[in-house]
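Visitor: What follows is a single structure, and I will ask about it in a moment.
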Amino acid sequence: MAVINSTSGVNPFDALNKSTSEATANAKAAADEAASRAIAKKKTSLGQDDFLKLMTTQMTHQDPNNPMQNGEFLSQMAQFGTVSGIQDLQKSFATFSGSIQSDQALQAASLVGRYVAVPATQGILPAGGDISGKVNLASSTPDLQVVVSNASTGEMVKTIDLGNQSSGDVDFIWDGTNSAGALASPGAYKIQASALVDGKNVAQSTDINSKVESVSMATSSSGMKVNLAGANSVDFSKVKQIL
């Protein structure tokens, strides 16, 4: 067994205990100081209690010969109430925004595997299938046409003659055959609509019926995305119709 000798008359265990106590006290003091600094740094804005204390102090030390008018007092109260109300409104909007995003996520997830109508100028022809959609006709026309062309080469495949039409949405469908009546190869095809208006051919916008393959969740910089067949992606808010 080891033996500790003391030649100075001082108990070594007492010295050790004293040193430990001092170290503990110093550590606690340092921790308290750090906590105080953190609280002081964090509190950089006035709360309601701080505002009321300042206002009470202002009223207590105001000039008796020139006291603060009721209008000034009410103006200060209104300013604080406005700031407080804006903060509460921001919190409410944040909660409301989160609720909307969750609801959109549920709605968008239910679209996977279904067809939707979205503004587009390109469709995907599946094997043995077709491409359909609507022409958004701005005004009546005696001659409405939809031209289908290969999205890669630009080669015209077929012209669909829709004839005389009134303004509004006009349905169209391409059965997947070319001008010779043969089946076109599956893939991406460009859809362009034009109408004869006052003797001139005017381009018209189109909605294409596309299959939803997946949904991308919202991020800080963008909203919900609906990913369609053919690697096309559109905002969830642009979906016009669920088929």
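Residues are named by chain letter and number: chains run A, B, ... in the order of the structure tokens, numbers start at 1 in each chain, and ligands are numbered from 1 in the order shown.
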For the structure I just gave you, how does DSSP split segment 93-224 of chain A - specifically, which residues are strand (DSSP E or B)? Reply as an NGL selection string.
Guide: :A and (115-119 or 122-125 or 131-137 or 141-150 or 156-165 or 168-174 or 177 or 183 or 187-197 or 200-216)
Visitor: Do you know which residues are at most 9 Å from Thr159 of chain A counting only C-alpha atoms, after dropping those on the same chain fewer than 6 positions away, and could you put them as an NGL selection string?
Guide: :A and (145-149 or 178-179)
Visitor: How would the residues just chosen look if you wrote them out with N, CA and C atoms as an mmCIF file, in the first residue's frame?
Guide:
data_model
loop_
_atom_site.group_PDB
_atom_site.id
_atom_site.type_symbol
_atom_site.label_atom_id
_atom_site.label_comp_id
_atom_site.auth_asym_id
_atom_site.auth_seq_id
_atom_site.Cartn_x
_atom_site.Cartn_y
_atom_site.Cartn_z
ATOM 1 N N GLN A 145 -56.689 24.529 -86.898
ATOM 2 C CA GLN A 145 -55.851 23.377 -87.205
ATOM 3 C C GLN A 145 -54.860 23.102 -86.067
ATOM 4 N N VAL A 146 -54.569 21.815 -85.893
ATOM 5 C CA VAL A 146 -53.557 21.374 -84.935
ATOM 6 C C VAL A 146 -52.493 20.618 -85.712
ATOM 7 N N VAL A 147 -51.257 21.071 -85.607
ATOM 8 C CA VAL A 147 -50.143 20.448 -86.335
ATOM 9 C C VAL A 147 -49.300 19.641 -85.350
ATOM 10 N N VAL A 148 -49.067 18.367 -85.698
ATOM 11 C CA VAL A 148 -48.250 17.483 -84.871
ATOM 12 C C VAL A 148 -46.912 17.282 -85.567
ATOM 13 N N SER A 149 -45.821 17.510 -84.828
ATOM 14 C CA SER A 149 -44.493 17.327 -85.407
ATOM 15 C C SER A 149 -43.582 16.603 -84.421
ATOM 16 N N ASN A 178 -49.592 8.879 -88.829
ATOM 17 C CA ASN A 178 -49.043 9.983 -89.610
ATOM 18 C C ASN A 178 -49.932 10.297 -90.814
ATOM 19 N N SER A 179 -49.473 11.188 -91.661
ATOM 20 C CA SER A 179 -50.290 11.613 -92.820
ATOM 21 C C SER A 179 -50.600 10.467 -93.775
#
Visitor: Leu111 of chain A: which residues within 9 Å, counting only C-alpha atoms, same-chain residues fewer than 4 positions away excluded, as a PyMOL selection string?
Guide: chain A and resi 107+115-116+211-215+226+242
Visitor: Write to file, as a PDB file, in the first residue's frame, the residues of the selection just made, with N, CA and C atoms.
Guide:
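As a result, part_37.pdb now contains:
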ATOM      1  N   GLN A 107     -53.105  16.066 -51.873  1.00  0.00           N
ATOM      2  CA  GLN A 107     -53.815  16.121 -53.151  1.00  0.00           C
ATOM      3  C   GLN A 107     -52.907  15.681 -54.304  1.00  0.00           C
ATOM      4  N   TYR A 115     -54.184  11.018 -65.260  1.00  0.00           N
ATOM      5  CA  TYR A 115     -53.917  12.017 -66.288  1.00  0.00           C
ATOM      6  C   TYR A 115     -54.460  13.371 -65.840  1.00  0.00           C
ATOM      7  N   VAL A 116     -53.705  14.421 -66.182  1.00  0.00           N
ATOM      8  CA  VAL A 116     -54.126  15.784 -65.860  1.00  0.00           C
ATOM      9  C   VAL A 116     -53.954  16.656 -67.099  1.00  0.00           C
ATOM     10  N   LYS A 211     -49.772  12.099 -68.281  1.00  0.00           N
ATOM     11  CA  LYS A 211     -49.801  11.188 -67.153  1.00  0.00           C
ATOM     12  C   LYS A 211     -48.847  11.639 -66.061  1.00  0.00           C
ATOM     13  N   VAL A 212     -49.328  11.624 -64.816  1.00  0.00           N
ATOM     14  CA  VAL A 212     -48.501  12.014 -63.666  1.00  0.00           C
ATOM     15  C   VAL A 212     -47.691  10.805 -63.206  1.00  0.00           C
ATOM     16  N   GLU A 213     -46.372  10.960 -63.184  1.00  0.00           N
ATOM     17  CA  GLU A 213     -45.499   9.864 -62.770  1.00  0.00           C
ATOM     18  C   GLU A 213     -45.028   9.997 -61.326  1.00  0.00           C
ATOM     19  N   SER A 214     -44.866  11.239 -60.858  1.00  0.00           N
ATOM     20  CA  SER A 214     -44.440  11.450 -59.470  1.00  0.00           C
ATOM     21  C   SER A 214     -44.721  12.891 -59.070  1.00  0.00           C
ATOM     22  N   VAL A 215     -44.487  13.176 -57.795  1.00  0.00           N
ATOM     23  CA  VAL A 215     -44.709  14.513 -57.252  1.00  0.00           C
ATOM     24  C   VAL A 215     -43.485  14.919 -56.448  1.00  0.00           C
ATOM     25  N   VAL A 226     -45.450  18.741 -60.147  1.00  0.00           N
ATOM     26  CA  VAL A 226     -46.040  17.524 -60.680  1.00  0.00           C
ATOM     27  C   VAL A 226     -45.168  17.073 -61.846  1.00  0.00           C
ATOM     28  N   ILE A 242     -58.259  17.361 -63.645  1.00  0.00           N
ATOM     29  CA  ILE A 242     -57.852  15.992 -63.322  1.00  0.00           C
ATOM     30  C   ILE A 242     -58.788  15.067 -64.071  1.00  0.00           C
TER      31      ILE A 242
END
Visitor: One number please: atom CA of Gln165 of chain A to atom CA of Leu125 of chain A, in Å, one decimal.
Guide: 25.8 Å
Visitor: Counting only C-alpha atoms, which of A:Asn136, A:Thr141, A:Pro126, A:Gly163 gets nearest to Gly230 of chain A?
Guide: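 Of A:Asn136, A:Thr141, A:Pro126, A:Gly163, the one nearest Gly230 of chain A is A:Pro126, counting only C-alpha atoms.
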Visitor: Taking into account only C-alpha atoms, which residue in the set A:Ile191, A:Ala108, A:Leu196, A:Leu144 is nearest to Lys158 of chain A?
Guide: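 That would be A:Ile191, the residue with the smallest distance to Lys158 of chain A.
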